[in-house]
Each structure stands twice: as C-alpha cells, then as structure tokens.
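A.B. asks: Below are the structure tokens for one structure; questions will follow.
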Amino acid sequence: MSIQIPFDNSYARLPERFYARLPPTPVAAPRLVRLNTPLAELLGLDSVALASPEGVEILAGNRVPAGAAPMAMAYSGHQFGYFSPQLGDGRALLLGEVVGRDGRRRDIQLKGSGPTPFSRSGDGRAALGPVLREYLVSEAMAALGLPTTRALAAVTTGETVQRETAMPGAVLTRIAASHIRVGTFQYFAARSDVEAVRLLADHTIARHYPEVARAAQPYLALLEGVVARQAELVARWLLIGFIHGVMNTDNCAISGETIDYGPCAFMDAYDPATVFSSIDHAGRYAYGNQPRIAHWNVSRLAEAMLPLLDEDEDRAVEAAKEVLAGFGPRFEAAYSGGLRQKIGLSTAAEGDGALAQDLLSAMAEGNADFTLTFRHLCEAASGPGNNGAVRALFSDASIYDKWAVRWHARLGTERSAPAERAAAMRAVNPAFIPRNHRVEAALAAAVECQDFSLFEELLGVLSHPYDDQPGFERYAEPPGADQRVYQTFCGT
Ligand code: AMP
Ligand code: MG
C-alpha cells in the first residue's frame with residue numbers, strides 16, 4: 001500500500017531564509033500508540049493506511065511521504081520577557097500542508113523528529129509523557145470548542161530520551177492552521193529584513209485573514225485581526241479555567257489557535273493567582289495575568305510590523321498604538337459576554353458584570369471548584385430549591401447563598417424558559433475538563449507500565465465535555481487532598 005497525502009506546501013514556496021530543509025531522523029522501533037481517525041478523515045487522509053506499517057513509519061519520521069517538503073521553521077521569541085533572536089523548530093519538522101475536506105489548509109508537523117540546525121543543545125526528541133499530555137489537552141480543547149492545534153497521532157520510538165531520568169521517546173503528529181508565530185515575525189524584524197516581514201505578512205493574510213486584503217491598509221488590518229483573535233482566545237481560556245503556562249511570543253500563533261501544550265493545566269478551585277509551571281517562579285503566566293500577557297505579546301508583533309504600517313516611524317507607532325488599544329475592549333466584551341452566558345443570562349443588564357465578578361470572588365473565598373460551580377449552576381438556575389449541589393462546593397455555603405439570592409432575582413427578570421436556559425448553560429459550562437490528577441494518572445500508567453487504557457478512557461470522556469456521562473462521574477470530580485497536582489513541567 002502506498003500512502004497518498006495530497007500535499008500543497010505554500011510555506012515551502014517562501015524564500016530559503018524562512019526555514020532549513022532536512023528530513024526527520026529515523027527512530028529504532030516505531031509503534032503506533034494512538035491515531036486520531038476522525039481528524040485523519042477531516043484532513044482527507046486514509047486512516048487505515050496511516051495505521052499500516054508504512055503509515056506508522058511516516059508518523060515516526062522513518063519515511064518521508066511523497067510530496068512532503070520537510071523543514072524546520074525559523075523563528076525567535078521572547079521567553080519570560082527576554083528576547084532570544086534565534087529559536088526555531090529545534091525538535092519539530094513541518095512535513096507540509098494539506099487542504100482538508102472542510103476546505104481548510106492545515107500544517108502537518110512531526111514533533112520529536114530529531115535534531116535540526118535550531119536544536120542548540122537539545123536532542124531534538126520528545127518524551128512519551130509530554131506527547132500524551134499534548135495529545136490529551138489539545139484534543140480536550142478542541143472538543144470544548146476552542147481554537148487549537150490538534151493531535152493526529154502519537155507513536156513511540158523504541159528509544160529512550162534522557163530528561164531528569166531516562167524516558168521512553170515518542171513523536172507527536174501535530175496539526176495546526178499554521179505554525180506561524182509572533183516570534184516568526186520577530187525573527188525577520190530582528191534581522192532588519194523588512195522584505196521578509198512583508199512576505200510573511202502577505203502569506204499570513206492570504207492564509208488566515210483573507211478578508212483584510214481589500215482593506216485600505218491591509219497590514220494594519222492584519223494586526224487588528226491578530227489582536228482581535230488573541231483577545232478572544234484568552235477570554236475563552238479564562239472562561240474554562242485554562243492556564244497556558246508558557247505564553248512566550250514563540251508560543252503565540254498568528255492564526256489565533258492555542259499552541260504548545262507544555263506545562264499547561266486547568267484550574268480546580270478558583271484562584272486567579274494559580275500558576276502550575278515549575279519554571280514560572282514570578283507568576284508571569286498565572287491564570288489571571290494571561291490577558292495582560294496576550295496584550296504584551298501582540299504589542300511585540302506590532303513592533304515587528306512597524307515598517308509595514310507607515311513609512312514614517314512616528315505615524316506607524318501611533319497607528320499601532322491605536323490598534324493595540326482595541327485589545328482591552330475586545331477582551332472585556334468576549335469575557336463579560338461569556339460570563340453572562342455561563343450564569344444563564346441571555347440579556348444584558350446593568351450590574352451583570354458585578355454579579356458575575358462577585359460569584360468569582362465568592363468562589364475564591366469559599367475555595368469552590370471552578371468547573372463544577374458553573375456546571376451545577378445549570379440545575380440551580382431552575383429555582384432556589386435546586387442550589388444543593390453548588391452549595392456543597394463552598395467551604396462555607398453561606399458565601400454562596402448570599403450571592404444566589406441576587407442571582408435568582410436577576411434570573412427572574414429574564415424571559416427564557418427554564419429548560420431552554422439550562423440547555424444553553426450546559427452548552428457553555430463543561431462537566432469534563434482534563435483534570436491534572438487524571439492526566440497525571442493516565443501518563444504515569446502509560447509511561448511506567450505501558451498501560452494506555454487510562455489514557456484511552458480519559459480521551460474518550462474528554463471528547464464529549466458538555467454531556468453528562470453516566471458511569472464516568474468520577475472524571476468530573478476535583479482531586480482529593482492527596483491527589484492534588486501543584487506543579488507541571490515542560491518535560492522538553
Ligand atoms: P518550547 O519550550 O517547547 O516552546 O521550546 C522552546 C524552544 O526550544 C524551541 O525553539 C524548541 O524547538 C526548542 N526545544 C525544546 N525542546 C527541545 C529539544 N528536546 N531539542 C531541541 N530543541 C528543543
Ligand atoms: Mg514552543
């Protein structure tokens with residue numbers, strides 16, 4: 001069987017200084033751990049062929065499929081606020097692009113495929129735990145309805161990689177609208193290569209923002225588009241309790257997708273200061289700091305794009321500032337609108353913002369679980385008699401009761417029927433998120449015992465996050481005192 005992948009590699013048509021061409025480095029003994037069949041079908045790929053020995057060789061990097069143009073993309077980035085002029089794909093290769101059944105163009109990337117000219121001191125490899133973690137969390141995010149890169153496959157390599165200890169090696173096949181980052185623009189700006197910044201902007205417009213091509217100032221409109229998508233994305237992160245963990249500018253996708261699932265995590269009890277990443281000592285990327293950082297990141301994009309915005313530098317700066325000033329209002333609109341939906345309000349009234357904020361404060365004070373509070377509000381919305389499940393989440397139920405009186409009064413001013421309201425609330429308040437303790441348990445069983453059953457079960461539950469799933473209620477539960485996970489690691 002020969003696998004046909006209908007590649008159409010637009011990034012490979014950009015100049016040579018955008019990347020380094022090289023094939024993946026073969027591994028000893030590829031074994032397929034997981035293939036995402038529905039995603040393969042969406043991409044127009046033959047999932048049976050991908051699961052065959054030849055397909056697995058492709059997914060492991062042991063065979064380059066016909067039509068691929070494997071390359072390590074060049075980029076730089078601000079890491080924890082400090083600029084690194086040269087990062088690039090140090091352990092990943094873009095195989096190429098395909099246009100899926102839905103007409104959308106997407107990158108197919110191998111992550112963990114061996115060293116590249118951008119590897120610096122790294123080994124170019126990935127360990128099984130982080131690969132499975134990215135698989136789980138990115139697919140959970142997709143099922144939750146957020147813009148995100150996806151996971152097409154995970155394979156083990158039959159080799160070990162040395163981290164804190166020796167770990168089984170693995171390769172993730174990542175699918176993305178593209179892998180163009182804020183850091184890709186910064187790479188060329190740092191080299192004063194304005195021509196390349198312009199080519200990249202044109203490529204980005206054609207690929208991700210075709211509607212701005214006809215604007216009076218397309219590059220300014222592009223910046224505005226990226227600002228809008230980042231503001232919306234970070235609002236949606238907050239609304240589901242997601243903490244990215246490493247919002248460096250190289251991990252900020254121009255397409256508006258969530259990218260790079262390293263030490264990311266979902267919050268259990270609500271606390272805006274929550275930080276999981278073991279390397280984020282200052283709390284730069286804490287849950288509640290994410291909007292500020294997203295704004296900071298798009299400001300770095302604006303800097304890189306300045307020469308495109310106006311010939312006159314002062315005017316370019318003024319134009320950029322004006323666009324960047326739009327971030328706050330866009331974020332606020334997406335966030336407060338989302339909160340309003342989460343508490344069951346279909347109309348907007350004076351005081352709704354304060355009502356929602358007061359719930360969050362009550363959750364913080366009462367140490368209440370973020371996800372379950374909103375999920376149980378779906379039942380509680382039908383009347384004051386149904387508050388039992390929410391009350392039980394608060395260390396002191398009277399904290400909730402005080403708030404609930406105001407909430408029920410406000411709900412009384414709405415016209416929507418209770419059943420309709422409950423359904424609308426369930427559609428935005430998930431029951432199932434990738435709880436850290438569940439993720440850790442699934443990874444430990446896979447890595448330490450080659451037992452992938454927990455991983456499979458968790459993945460299955462997370463593919464329907466808004467449905468009640470009888471028999472799987474335990475996956476909705478927060479961790480017990482002895483199960484709590486306080487830190488996550490990049491594990492790169
Ligand atoms: P990340 O923290 O995954 O966003 O990666 C930041 C930079 O480090 C990127 O340029 C990666 O390609 C590079 N990198 C991370 N892990 C490795 C590795 N094991 N080998 C080579 N480069 C790596
Ligand atoms: Mg990265």
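Within each chain, counting starts at residue 1; across the structure tokens, chains are named A, B, ... in the order shown, with ligands numbered 1 upward in that order.
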What's the 8 Å shell around Pro168 (chain A), counting only C-alpha atoms, without same-chain residues fewer than 6 positions away, as a PyMOL selection string?

C.D. replies: chain A and resi 127-128+156-161+447

A.B. asks: Write to file, as a PDB file, in the first residue's frame, the residues of the selection just made, with all heavy atoms.

C.D. replies:
ATOM      1  N   ALA A 127       9.632  13.206  24.858  1.00  0.00           N
ATOM      2  CA  ALA A 127       9.364  12.053  25.728  1.00  0.00           C
ATOM      3  C   ALA A 127       7.880  11.707  25.670  1.00  0.00           C
ATOM      4  O   ALA A 127       7.032  12.561  25.382  1.00  0.00           O
ATOM      5  CB  ALA A 127       9.789  12.367  27.156  1.00  0.00           C
ATOM      6  N   LEU A 128       7.576  10.454  25.946  1.00  0.00           N
ATOM      7  CA  LEU A 128       6.199   9.966  25.816  1.00  0.00           C
ATOM      8  C   LEU A 128       5.212  10.757  26.682  1.00  0.00           C
ATOM      9  O   LEU A 128       4.114  11.092  26.216  1.00  0.00           O
ATOM     10  CB  LEU A 128       6.150   8.469  26.175  1.00  0.00           C
ATOM     11  CG  LEU A 128       4.761   7.819  26.125  1.00  0.00           C
ATOM     12  CD1 LEU A 128       4.137   7.923  24.741  1.00  0.00           C
ATOM     13  CD2 LEU A 128       4.852   6.340  26.552  1.00  0.00           C
ATOM     14  N   THR A 156       5.457   5.703  19.700  1.00  0.00           N
ATOM     15  CA  THR A 156       6.677   5.559  20.495  1.00  0.00           C
ATOM     16  C   THR A 156       7.806   5.157  19.554  1.00  0.00           C
ATOM     17  O   THR A 156       7.564   4.587  18.477  1.00  0.00           O
ATOM     18  CB  THR A 156       6.517   4.508  21.617  1.00  0.00           C
ATOM     19  OG1 THR A 156       5.948   3.326  21.058  1.00  0.00           O
ATOM     20  CG2 THR A 156       5.615   5.035  22.723  1.00  0.00           C
ATOM     21  N   THR A 157       9.028   5.485  19.974  1.00  0.00           N
ATOM     22  CA  THR A 157      10.157   5.339  19.051  1.00  0.00           C
ATOM     23  C   THR A 157      11.002   4.090  19.301  1.00  0.00           C
ATOM     24  O   THR A 157      11.860   3.751  18.490  1.00  0.00           O
ATOM     25  CB  THR A 157      11.094   6.563  19.184  1.00  0.00           C
ATOM     26  OG1 THR A 157      11.583   6.608  20.532  1.00  0.00           O
ATOM     27  CG2 THR A 157      10.355   7.856  18.861  1.00  0.00           C
ATOM     28  N   GLY A 158      10.791   3.446  20.449  1.00  0.00           N
ATOM     29  CA  GLY A 158      11.664   2.329  20.803  1.00  0.00           C
ATOM     30  C   GLY A 158      13.019   2.790  21.302  1.00  0.00           C
ATOM     31  O   GLY A 158      13.926   1.985  21.520  1.00  0.00           O
ATOM     32  N   GLU A 159      13.157   4.117  21.487  1.00  0.00           N
ATOM     33  CA  GLU A 159      14.410   4.675  22.017  1.00  0.00           C
ATOM     34  C   GLU A 159      14.107   5.386  23.332  1.00  0.00           C
ATOM     35  O   GLU A 159      12.956   5.708  23.598  1.00  0.00           O
ATOM     36  CB  GLU A 159      14.996   5.692  21.020  1.00  0.00           C
ATOM     37  CG  GLU A 159      15.335   5.061  19.673  1.00  0.00           C
ATOM     38  CD  GLU A 159      15.791   6.098  18.629  1.00  0.00           C
ATOM     39  OE1 GLU A 159      15.808   7.306  18.954  1.00  0.00           O
ATOM     40  OE2 GLU A 159      16.114   5.674  17.521  1.00  0.00           O
ATOM     41  N   THR A 160      15.126   5.636  24.118  1.00  0.00           N
ATOM     42  CA  THR A 160      14.895   6.431  25.321  1.00  0.00           C
ATOM     43  C   THR A 160      15.461   7.828  25.114  1.00  0.00           C
ATOM     44  O   THR A 160      16.373   8.034  24.311  1.00  0.00           O
ATOM     45  CB  THR A 160      15.559   5.812  26.565  1.00  0.00           C
ATOM     46  OG1 THR A 160      16.936   5.633  26.273  1.00  0.00           O
ATOM     47  CG2 THR A 160      14.917   4.503  26.955  1.00  0.00           C
ATOM     48  N   VAL A 161      14.867   8.783  25.822  1.00  0.00           N
ATOM     49  CA  VAL A 161      15.413  10.139  25.832  1.00  0.00           C
ATOM     50  C   VAL A 161      15.780  10.460  27.263  1.00  0.00           C
ATOM     51  O   VAL A 161      15.086  10.050  28.202  1.00  0.00           O
ATOM     52  CB  VAL A 161      14.413  11.175  25.274  1.00  0.00           C
ATOM     53  CG1 VAL A 161      14.196  10.962  23.793  1.00  0.00           C
ATOM     54  CG2 VAL A 161      13.097  11.143  26.008  1.00  0.00           C
ATOM     55  N   VAL A 447       3.513   5.572  30.800  1.00  0.00           N
ATOM     56  CA  VAL A 447       4.975   5.672  30.785  1.00  0.00           C
ATOM     57  C   VAL A 447       5.610   4.569  31.634  1.00  0.00           C
ATOM     58  O   VAL A 447       6.593   3.947  31.226  1.00  0.00           O
ATOM     59  CB  VAL A 447       5.424   7.071  31.275  1.00  0.00           C
ATOM     60  CG1 VAL A 447       6.935   7.141  31.450  1.00  0.00           C
ATOM     61  CG2 VAL A 447       4.949   8.142  30.293  1.00  0.00           C
TER      62      VAL A 447
END

A.B. asks: Given only C-alpha atoms and all ligand atoms, how would the per-residue table for chain A near ligand 2 read, listing every residue at most 10 Å away with its closest atom pair and distance in Å to one decimal, sorted by chain and number, as a Markdown table?

C.D. replies:
| residue | atom | partner | partner_atom_place_in_ligand_line | distance |
| --- | --- | --- | --- | --- |
| A:Tyr75 | CA | ligand 2 | 1 (Mg) | 10.0 |
| A:Gly77 | CA | ligand 2 | 1 (Mg) | 9.2 |
| A:Gln79 | CA | ligand 2 | 1 (Mg) | 9.6 |
| A:Leu87 | CA | ligand 2 | 1 (Mg) | 8.9 |
| A:Gly88 | CA | ligand 2 | 1 (Mg) | 8.6 |
| A:Asp89 | CA | ligand 2 | 1 (Mg) | 8.1 |
| A:Gly90 | CA | ligand 2 | 1 (Mg) | 9.3 |
| A:Arg91 | CA | ligand 2 | 1 (Mg) | 9.8 |
| A:Ala92 | CA | ligand 2 | 1 (Mg) | 9.8 |
| A:His179 | CA | ligand 2 | 1 (Mg) | 9.9 |
| A:Arg181 | CA | ligand 2 | 1 (Mg) | 9.4 |
| A:Gly183 | CA | ligand 2 | 1 (Mg) | 9.8 |
| A:Val246 | CA | ligand 2 | 1 (Mg) | 8.3 |
| A:Met247 | CA | ligand 2 | 1 (Mg) | 9.1 |
| A:Asn248 | CA | ligand 2 | 1 (Mg) | 7.8 |
| A:Thr249 | CA | ligand 2 | 1 (Mg) | 8.8 |
| A:Asp250 | CA | ligand 2 | 1 (Mg) | 5.7 |
| A:Asn251 | CA | ligand 2 | 1 (Mg) | 4.8 |
| A:Cys252 | CA | ligand 2 | 1 (Mg) | 8.5 |
| A:Ala253 | CA | ligand 2 | 1 (Mg) | 9.9 |
| A:Ile259 | CA | ligand 2 | 1 (Mg) | 7.8 |
| A:Asp260 | CA | ligand 2 | 1 (Mg) | 5.4 |
| A:Tyr261 | CA | ligand 2 | 1 (Mg) | 8.4 |
| A:Gly262 | CA | ligand 2 | 1 (Mg) | 8.2 |
| A:Thr492 | CA | ligand 2 | 1 (Mg) | 9.8 |

A.B. asks: Just checking: using only C-alpha atoms and all ligand atoms, which residue out of A:Leu199, A:Leu93, A:Ala422, A:Val27 ends up closest to ligand 1?

C.D. replies: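 Ranking A:Leu199, A:Leu93, A:Ala422, A:Val27 by distance to ligand 1, first place goes to A:Leu93.
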
A.B. asks: In terms of the shortest atom-to-atom distance over only C-alpha atoms, which of A:Arg391, A:Ser336, A:Leu372, A:Ala166 is closest to Tyr475 (chain A)?

C.D. replies: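 When distances to Tyr475 (chain A) are compared using only C-alpha atoms, the smallest one comes from A:Leu372.
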
A.B. asks: Tell me which of A:Asp312, A:Glu322, A:Glu473, A:Glu134 sits closest to Leu223 (chain A), counting only C-alpha atoms.

C.D. replies: A:Glu322

A.B. asks: Could you pull out the strand (DSSP E) residues of region 21-251 of chain A from DSSP and send them as a ChimeraX atom specification?

C.D. replies: /A:21,31-35,71-73,77-79,82-84,92-99,105-111,126-127,150-162,166-176,242-243

A.B. asks: Using only C-alpha atoms, which protein or nucleic acid residues come within 7 Å of region 136-150 of chain A? Drop anything in the same chain fewer than 2 positions from it, and give the result as JSON, numbers by chain.

C.D. replies: {"A": [132, 133, 134, 152, 174, 175, 176, 256, 257, 258, 259, 434, 459, 462, 463, 464, 465]}

A.B. asks: May I have the selected residues written with all heavy atoms, as a tab-separated table (two decimals), in the first residue's frame?

C.D. replies:
chain	number	residue	atom	x	y	z
A	132	LEU	N	1.84	12.58	25.19
A	132	LEU	CA	0.48	12.17	25.53
A	132	LEU	C	-0.29	13.32	26.18
A	132	LEU	O	-1.50	13.48	25.99
A	132	LEU	CB	0.49	10.96	26.47
A	132	LEU	CG	1.07	9.67	25.88
A	132	LEU	CD1	0.98	8.55	26.91
A	132	LEU	CD2	0.34	9.27	24.60
A	133	ARG	N	0.43	14.12	26.94
A	133	ARG	CA	-0.19	15.27	27.59
A	133	ARG	C	-0.70	16.26	26.54
A	133	ARG	O	-1.82	16.73	26.59
A	133	ARG	CB	0.88	15.93	28.48
A	133	ARG	CG	0.41	17.02	29.32
A	133	ARG	CD	1.60	17.55	30.13
A	133	ARG	NE	1.15	18.67	30.88
A	133	ARG	CZ	0.37	18.56	31.94
A	133	ARG	NH1	0.03	17.40	32.41
A	133	ARG	NH2	-0.06	19.62	32.54
A	134	GLU	N	0.14	16.57	25.55
A	134	GLU	CA	-0.30	17.48	24.49
A	134	GLU	C	-1.47	16.86	23.72
A	134	GLU	O	-2.41	17.56	23.36
A	134	GLU	CB	0.87	17.81	23.54
A	134	GLU	CG	0.39	18.62	22.33
A	134	GLU	CD	1.46	19.51	21.68
A	134	GLU	OE1	2.57	19.62	22.22
A	134	GLU	OE2	1.14	20.10	20.63
A	152	LEU	N	-2.85	14.43	15.65
A	152	LEU	CA	-3.25	13.41	14.68
A	152	LEU	C	-2.78	12.03	15.12
A	152	LEU	O	-3.47	11.05	14.91
A	152	LEU	CB	-2.68	13.73	13.29
A	152	LEU	CG	-2.98	12.70	12.20
A	152	LEU	CD1	-4.48	12.61	11.92
A	152	LEU	CD2	-2.23	13.04	10.91
A	174	ARG	N	1.41	16.82	14.93
A	174	ARG	CA	0.57	17.96	15.31
A	174	ARG	C	-0.02	18.59	14.05
A	174	ARG	O	0.66	18.75	13.04
A	174	ARG	CB	1.44	18.97	16.07
A	174	ARG	CG	0.68	20.21	16.48
A	174	ARG	CD	1.37	20.93	17.62
A	174	ARG	NE	2.60	21.61	17.22
A	174	ARG	CZ	3.34	22.32	18.07
A	174	ARG	NH1	3.01	22.41	19.34
A	174	ARG	NH2	4.45	22.91	17.65
A	175	ILE	N	-1.27	18.96	14.17
A	175	ILE	CA	-1.99	19.61	13.07
A	175	ILE	C	-2.31	21.03	13.52
A	175	ILE	O	-2.78	21.24	14.63
A	175	ILE	CB	-3.30	18.85	12.77
A	175	ILE	CG1	-3.03	17.37	12.48
A	175	ILE	CG2	-4.06	19.51	11.62
A	175	ILE	CD1	-2.13	17.09	11.29
A	176	ALA	N	-2.03	22.00	12.65
A	176	ALA	CA	-2.28	23.40	13.02
A	176	ALA	C	-2.73	24.17	11.78
A	176	ALA	O	-2.34	23.82	10.66
A	176	ALA	CB	-1.02	24.04	13.57
A	256	GLY	N	-4.45	32.47	15.78
A	256	GLY	CA	-5.39	32.58	16.89
A	256	GLY	C	-5.70	31.24	17.54
A	256	GLY	O	-6.59	31.15	18.38
A	257	GLU	N	-4.93	30.21	17.16
A	257	GLU	CA	-5.10	28.92	17.83
A	257	GLU	C	-4.24	28.86	19.09
A	257	GLU	O	-3.17	29.47	19.15
A	257	GLU	CB	-4.67	27.78	16.90
A	257	GLU	CG	-5.65	27.50	15.78
A	257	GLU	CD	-5.24	26.33	14.89
A	257	GLU	OE1	-4.05	25.93	14.90
A	257	GLU	OE2	-6.10	25.81	14.18
A	258	THR	N	-4.70	28.08	20.06
A	258	THR	CA	-3.87	27.75	21.21
A	258	THR	C	-2.77	26.82	20.72
A	258	THR	O	-3.07	25.84	20.02
A	258	THR	CB	-4.70	27.02	22.28
A	258	THR	OG1	-5.89	27.76	22.52
A	258	THR	CG2	-3.92	26.83	23.56
A	259	ILE	N	-1.52	27.12	21.05
A	259	ILE	CA	-0.43	26.25	20.58
A	259	ILE	C	0.56	26.01	21.71
A	259	ILE	O	0.72	26.86	22.58
A	259	ILE	CB	0.29	26.88	19.35
A	259	ILE	CG1	1.24	25.86	18.72
A	259	ILE	CG2	1.02	28.16	19.72
A	259	ILE	CD1	1.82	26.32	17.38
A	434	PRO	N	-9.76	18.31	31.39
A	434	PRO	CA	-8.62	17.42	31.70
A	434	PRO	C	-8.05	17.77	33.07
A	434	PRO	O	-7.13	18.57	33.17
A	434	PRO	CB	-7.62	17.68	30.57
A	434	PRO	CG	-8.12	18.84	29.79
A	434	PRO	CD	-9.47	19.24	30.29
A	459	LEU	N	-9.36	10.17	27.26
A	459	LEU	CA	-9.54	10.80	25.96
A	459	LEU	C	-11.00	10.68	25.50
A	459	LEU	O	-11.59	11.64	24.98
A	459	LEU	CB	-8.60	10.11	24.96
A	459	LEU	CG	-8.27	10.79	23.65
A	459	LEU	CD1	-7.68	12.17	23.87
A	459	LEU	CD2	-7.29	9.91	22.86
A	462	LEU	N	-13.21	13.05	27.52
A	462	LEU	CA	-12.95	14.45	27.19
A	462	LEU	C	-13.45	14.83	25.79
A	462	LEU	O	-13.50	16.00	25.45
A	462	LEU	CB	-11.45	14.74	27.30
A	462	LEU	CG	-10.90	14.66	28.73
A	462	LEU	CD1	-9.37	14.80	28.71
A	462	LEU	CD2	-11.53	15.70	29.63
A	463	SER	N	-13.83	13.82	25.01
A	463	SER	CA	-14.32	14.15	23.67
A	463	SER	C	-15.78	14.60	23.69
A	463	SER	O	-16.29	15.07	22.68
A	463	SER	CB	-14.11	12.96	22.72
A	463	SER	OG	-14.91	11.88	23.13
A	464	HIS	N	-16.46	14.47	24.84
A	464	HIS	CA	-17.84	14.98	25.00
A	464	HIS	C	-17.96	15.79	26.28
A	464	HIS	O	-18.71	15.41	27.18
A	464	HIS	CB	-18.84	13.82	25.04
A	464	HIS	CG	-18.75	12.91	23.87
A	464	HIS	ND1	-19.28	13.23	22.65
A	464	HIS	CD2	-18.16	11.71	23.72
A	464	HIS	CE1	-19.03	12.25	21.80
A	464	HIS	NE2	-18.34	11.31	22.43
A	465	PRO	N	-17.26	16.89	26.37
A	465	PRO	CA	-17.14	17.56	27.67
A	465	PRO	C	-18.43	18.18	28.18
A	465	PRO	O	-18.58	18.41	29.37
A	465	PRO	CB	-16.09	18.65	27.41
A	465	PRO	CG	-16.14	18.89	25.94
A	465	PRO	CD	-16.48	17.56	25.32

A.B. asks: As a PyMOL selection string, which residues of region 189-277 of chain A does DSSP assign to helix (DSSP H, G or I)?

C.D. replies: chain A and resi 189+194-208+210-214+218-240+249-251

A.B. asks: Near Leu94 (chain A), within 7 Å and counting only C-alpha atoms, which residues show up once chain neighbours fewer than 2 positions away are dropped, as a ChimeraX atom specification?

C.D. replies: /A:70-72,92,96,107-110

A.B. asks: What does the distance from CA of Pro23 (chain A) to CA of Phe188 (chain A) come to in Å, to one decimal?

C.D. replies: 24.1 Å

A.B. asks: Name the closest residue to Pro30 (chain A) among the candidates A:Ile58, A:Ala356, A:Val99, A:Val155; distances are taken between atoms, counting only C-alpha atoms.

C.D. replies: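 Closest to Pro30 (chain A), using only C-alpha atoms: A:Val155.
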
A.B. asks: Please determine, counting only C-alpha atoms and all ligand atoms, which residue among A:Thr37, A:Leu43, A:Asp102, A:Pro263 has the shortest atom-to-atom distance to ligand 1.

C.D. replies: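 For ligand 1, the nearest of the given residues is A:Pro263.
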
A.B. asks: Within 9 Å of Asp352 (chain A), counting only C-alpha atoms, which residues qualify if same-chain residues fewer than 6 places away don't, as a PyMOL selection string?

C.D. replies: chain A and resi 336+340+345+410
